[in-house]
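Below is one structure; the comments refer to it alone.
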Amino acid sequence: MSDPLRIIDAILDERLGLDRSSIGRDAVPRAVRGRMRAVGLVEEAAYAELVATSPDELQALVDEVTVPESWFFRDGHPFDFLRDLAREGWAARPRREPMRVLSLPCAGGEEPYSIAVTLEEAGLPPSRYRIEAVDVGARRLEYARRGVYSRNALRGVAAERVARWFRGRGEGFEVDPAIRDRVHFRLGNILDPALLADAPRFDVVFCRNLLIYLSRDARGRAEATLDRLLAPDGVLVIGHADTLGASEAGRAFAPASGRGTFAYRRRKPGEPATAPRPARTALPAPPPRPHPLPLDPPPPAPPLTPPEPEPGPPPAVEDPRPPLARAAEHANAGRLGQALACCEREIRRAGPSAAAFFLMGGIHQAAGRKSDAEACLHKAVYLDPNHDEALLALALIAERRGDRDAAAGFRRRAERALKNRARASDESMSNPTGGQTP
């Protein structure tokens, strides 16, 4: 009989297109164990059969695997970009068709509600925009529709903004009902070629922090969906660690905004292809040296021996150190841009890793980009739930924000991670043969 976990993997791959290395090798087995306990099964084969035959259980497993953490106005820059776009393209042009915005995936609703607040603050009345929010997780959509969040989801949001758009609810906050009414939630999958086939195209599509978790084939399919859903002159906003280019559609995008937003538009006809990342300023090429023409033609006789090559710079020697070691050296020397570039190249080369995102979190912290730092640290913990250093860094961030409950939670998780590491080390030392008996 086939391995039950391989069967479940294949089903999830078809449904979600997840790159297992990006979410951690134990993420799916851990989710499977949780669902087996929930339905009262002890045999993996029986559970694999249940997943294969029950759409409801497959949806429950999907909900268990895809549990992203988000917060309001995450990363800041994309919402500033959206505000300016709404003011210039719609508020200043009242006869234009209403602005259409898509949040995909919308997770627990923090992003689409942030979009609604941004458009309200930009001066657009409700009749001048429509927001669709799609996610593959049914449980997350139920949570989003309720619109009730912990204080942690509003970290970094100005008090006056909270007072205007949220209401106190127990230990947390509830989104103002007027804002909740602006967002239309629906269950859907970016890999579904029929997703939102009945909807007009969107002026802005937010698809942040998803592509990085997909396999290359799934990213290509996702890019095709995004291309189909986006209006001809629309703008696509992705996450800072996401990449485009797994398909022809993805390679057709060019940067549409400044650094920190990661917004893209389609290349215009005849526009040269550009790498799908915000362009960095390049140093101008040195002007060519003048070369005087000879007064007389060179002698016709060839030399008896090959000419000695002109001296030039020695060939570049490739740095043998791992890319993350080079990134750390750049960071310690204050070359934060070069350090971040090393990390991003390593992620594109070898795929996401907790080590890379932890280092990127430290780089963003050093540069004063608090929300980017926190996002990277959360990704490090997502990839490695026992990354005690990332957990302690998150605890410190929460403490500085005044969120003592979140800080205590991160510290407890860090302590458990350290205990797990010590236990594993003790077991390894006591059994150096790796558990095999002679």
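Going by the structure tokens order, chains are called A, B, ..., each with residues numbered from 1, while ligands are numbered from 1 in the order shown.
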With 12 Å as the cut-off and only C-alpha atoms counted, what is the closest atom pair between each nearby residue of region 155-219 of chain A and region 61-67 of chain A? Distances in Å to one decimal, ordered by chain and number, as JSON lines.
{"residue": "A:Leu187", "atom": "CA", "partner": "A:Asp63", "partner_atom": "CA", "distance": 11.7}
{"residue": "A:Asn189", "atom": "CA", "partner": "A:Val62", "partner_atom": "CA", "distance": 11.2}
{"residue": "A:Leu210", "atom": "CA", "partner": "A:Thr66", "partner_atom": "CA", "distance": 10.5}
{"residue": "A:Tyr213", "atom": "CA", "partner": "A:Thr66", "partner_atom": "CA", "distance": 10.5}
If you keep N, CA, C and O atoms, can you produce a file of those selected residues as a short mmCIF file (atom, residue, chain, number, x, y, z; two decimals), in the first residue's frame?
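Output saved as result_19.cif:
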data_model
loop_
_atom_site.label_atom_id
_atom_site.label_comp_id
_atom_site.auth_asym_id
_atom_site.auth_seq_id
_atom_site.Cartn_x
_atom_site.Cartn_y
_atom_site.Cartn_z
N LEU A 187 -15.26 32.03 -0.62
CA LEU A 187 -14.31 30.92 -0.63
C LEU A 187 -13.81 30.72 -2.06
O LEU A 187 -14.61 30.70 -3.00
N ASN A 189 -9.99 29.58 -4.63
CA ASN A 189 -8.62 29.08 -4.73
C ASN A 189 -7.94 29.74 -5.92
O ASN A 189 -8.46 29.71 -7.04
N LEU A 210 2.00 34.97 -0.58
CA LEU A 210 1.45 33.69 -1.00
C LEU A 210 2.39 32.99 -1.97
O LEU A 210 2.70 31.81 -1.81
N TYR A 213 5.20 30.60 -1.01
CA TYR A 213 4.92 29.28 -0.44
C TYR A 213 4.49 28.25 -1.49
O TYR A 213 4.20 27.12 -1.15
#
6 Å contact set for region 3-19 of chain A, only C-alpha atoms, chain neighbours under 6 positions out, as a short mmCIF file (atom, residue, chain, number, x, y, z; two decimals) with C-alpha atoms, in the first residue's frame:
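Now in out_38.cif:
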data_model
loop_
_atom_site.label_atom_id
_atom_site.label_comp_id
_atom_site.auth_asym_id
_atom_site.auth_seq_id
_atom_site.Cartn_x
_atom_site.Cartn_y
_atom_site.Cartn_z
CA GLU A 44 -2.98 7.24 8.81
CA ALA A 45 -4.34 5.03 6.01
CA ALA A 48 -5.95 9.38 3.97
CA TYR A 213 4.92 29.28 -0.44
CA LEU A 214 3.94 27.76 -3.80
CA SER A 215 5.82 25.28 -5.95
CA ALA A 218 1.68 26.33 -8.82
#
Please list as a PyMOL selection string every residue within 8 Å of Ala249 (chain A), counting only C-alpha atoms and excluding residues in the same chain fewer than 2 positions away. chain A and resi 223-224+227+245+247+251-253
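In terms of minimum interatomic distance to Leu244 (chain A), A:Arg348 ranks closest within A:Ala341, A:Arg180, A:Leu396, A:Arg348, counting only C-alpha atoms.
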List every residue of region 60-183 of chain A that DSSP, applied to the backbone of this structure, assigns to strand (DSSP E), and report them as a VMD selection string. chain A and resid 99 to 103 129 to 135 148 to 150 166 to 169 172 to 175 183
Would you save the residues of that selection, restricted to C-alpha atoms, as a CSV table (one decimal), in the first residue's frame?
chain,number,residue,atom,x,y,z
A,99,MET,CA,-12.5,51.2,-8.2
A,100,ARG,CA,-12.4,47.4,-7.9
A,101,VAL,CA,-9.9,45.9,-5.4
A,102,LEU,CA,-9.2,42.2,-4.7
A,103,SER,CA,-7.5,40.7,-1.6
A,129,TYR,CA,-15.3,51.2,-4.8
A,130,ARG,CA,-15.9,47.5,-4.3
A,131,ILE,CA,-13.7,45.1,-2.4
A,132,GLU,CA,-13.7,41.3,-3.0
A,133,ALA,CA,-11.8,39.1,-0.5
A,134,VAL,CA,-11.0,35.5,-1.3
A,135,ASP,CA,-9.4,32.7,0.7
A,148,VAL,CA,-13.4,40.7,15.9
A,149,TYR,CA,-9.7,40.8,16.6
A,150,SER,CA,-7.2,40.8,19.4
A,166,PHE,CA,-12.9,50.0,15.6
A,167,ARG,CA,-15.0,49.4,18.7
A,168,GLY,CA,-13.8,47.9,21.9
A,169,ARG,CA,-15.0,44.3,22.3
A,172,GLY,CA,-10.0,43.1,21.7
A,173,PHE,CA,-11.7,45.2,19.0
A,174,GLU,CA,-14.5,44.9,16.5
A,175,VAL,CA,-14.3,46.4,13.0
A,183,VAL,CA,-15.9,43.8,2.0
Using only C-alpha atoms, which residues of region 228-264 of chain A come within 12 Å of region 197-208 of chain A, and what is the closest atom pair for each, with the distance in Å to one decimal? Give it as a Markdown table, sorted by chain and residue number.
| residue | atom | partner | partner_atom | distance |
| --- | --- | --- | --- | --- |
| A:Arg228 | CA | A:Arg201 | CA | 7.7 |
| A:Leu229 | CA | A:Arg201 | CA | 5.1 |
| A:Leu230 | CA | A:Phe202 | CA | 4.9 |
| A:Ala231 | CA | A:Arg201 | CA | 4.9 |
| A:Pro232 | CA | A:Asp203 | CA | 8.4 |
| A:Asp233 | CA | A:Asp203 | CA | 7.2 |
| A:Gly234 | CA | A:Asp203 | CA | 4.3 |
| A:Val235 | CA | A:Val204 | CA | 4.8 |
| A:Leu236 | CA | A:Val205 | CA | 4.9 |
| A:Val237 | CA | A:Phe206 | CA | 4.8 |
| A:Ile238 | CA | A:Arg208 | CA | 4.2 |
| A:Gly239 | CA | A:Arg208 | CA | 4.1 |
| A:His240 | CA | A:Arg208 | CA | 7.9 |
| A:Ala241 | CA | A:Arg208 | CA | 8.8 |
| A:Asp242 | CA | A:Arg208 | CA | 7.3 |
| A:Thr243 | CA | A:Arg208 | CA | 10.2 |
| A:Leu244 | CA | A:Cys207 | CA | 11.3 |
| A:Ala256 | CA | A:Val204 | CA | 11.8 |
| A:Thr261 | CA | A:Arg208 | CA | 10.7 |
| A:Phe262 | CA | A:Arg208 | CA | 9.3 |
| A:Ala263 | CA | A:Phe206 | CA | 9.0 |
| A:Tyr264 | CA | A:Val204 | CA | 9.8 |
For C-alpha atoms, I'd like the residues from the last selection saved as a compact mmCIF listing (two decimals), in the first residue's frame.
# COMPACT_ATOMS: atom_id res chain seq x y z
CA ARG A 228 -6.64 37.09 -15.92
CA LEU A 229 -8.19 38.90 -12.96
CA LEU A 230 -6.25 42.14 -13.37
CA ALA A 231 -7.56 44.96 -15.57
CA PRO A 232 -5.33 45.91 -18.53
CA ASP A 233 -4.09 48.99 -16.68
CA GLY A 234 -4.39 47.43 -13.23
CA VAL A 235 -1.79 47.12 -10.49
CA LEU A 236 -0.65 43.94 -8.75
CA VAL A 237 0.76 44.21 -5.21
CA ILE A 238 2.83 41.27 -3.90
CA GLY A 239 4.81 40.63 -0.73
CA HIS A 240 8.40 41.70 -0.23
CA ALA A 241 9.65 38.10 -0.35
CA ASP A 242 7.40 37.00 -3.23
CA THR A 243 8.77 36.68 -6.75
CA LEU A 244 7.18 36.77 -10.19
CA ALA A 256 4.93 50.34 -10.87
CA THR A 261 5.58 48.74 -2.09
CA PHE A 262 6.25 45.89 -4.55
CA ALA A 263 3.51 47.00 -6.93
CA TYR A 264 3.62 45.92 -10.57
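Using only C-alpha atoms, the contacts of Phe79 (chain A) at a cut-off of 9 Å, with sequence neighbours closer than 5 positions omitted, comprise Phe73, Arg74, Asp84, Ser114, Ile115, Thr118 and Thr261 of chain A.
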Go ahead and write the residues just picked, N, CA, C and O atoms, as a compact mmCIF listing (two decimals), in the first residue's frame.
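Final output, again_31.txt:
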# COMPACT_ATOMS: atom_id res chain seq x y z
N PHE A 73 -2.98 46.87 8.34
CA PHE A 73 -2.03 47.78 7.68
C PHE A 73 -0.61 47.20 7.70
O PHE A 73 0.37 47.91 7.89
N ARG A 74 -0.54 45.91 7.49
CA ARG A 74 0.75 45.21 7.53
C ARG A 74 1.71 45.78 6.49
O ARG A 74 1.37 45.90 5.31
N ASP A 84 -2.82 56.86 -2.35
CA ASP A 84 -2.45 57.84 -3.36
C ASP A 84 -3.08 57.50 -4.71
O ASP A 84 -3.55 58.39 -5.44
N SER A 114 -8.32 46.62 6.04
CA SER A 114 -7.35 47.71 5.94
C SER A 114 -7.51 48.45 4.62
O SER A 114 -7.38 49.68 4.56
N ILE A 115 -7.80 47.70 3.55
CA ILE A 115 -8.05 48.33 2.26
C ILE A 115 -9.27 49.23 2.32
O ILE A 115 -9.26 50.36 1.82
N THR A 118 -8.48 52.39 4.17
CA THR A 118 -7.60 53.23 3.33
C THR A 118 -8.40 53.98 2.28
O THR A 118 -8.19 55.18 2.06
N THR A 261 6.98 49.01 -1.78
CA THR A 261 5.58 48.74 -2.09
C THR A 261 5.40 47.44 -2.83
O THR A 261 4.45 46.71 -2.62
Rounded to one decimal in Å, what is the spacing between CA of Lys268 (chain A) and CA of Glu248 (chain A)?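 If I compute the distance from CA of Lys268 (chain A) to CA of Glu248 (chain A), I get 14.6 Å.
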When distances are computed from only C-alpha atoms, which of A:Pro125, A:Gly137, A:Gly156, A:Gly337 shows the smallest separation from Arg400 (chain A)? A:Gly156
Which residue of A:Asn152, A:Thr225, A:Ser2, A:Asn209 approaches Pro352 (chain A) most closely, using only C-alpha atoms: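 So, comparing all the options, the nearest one is A:Asn209.
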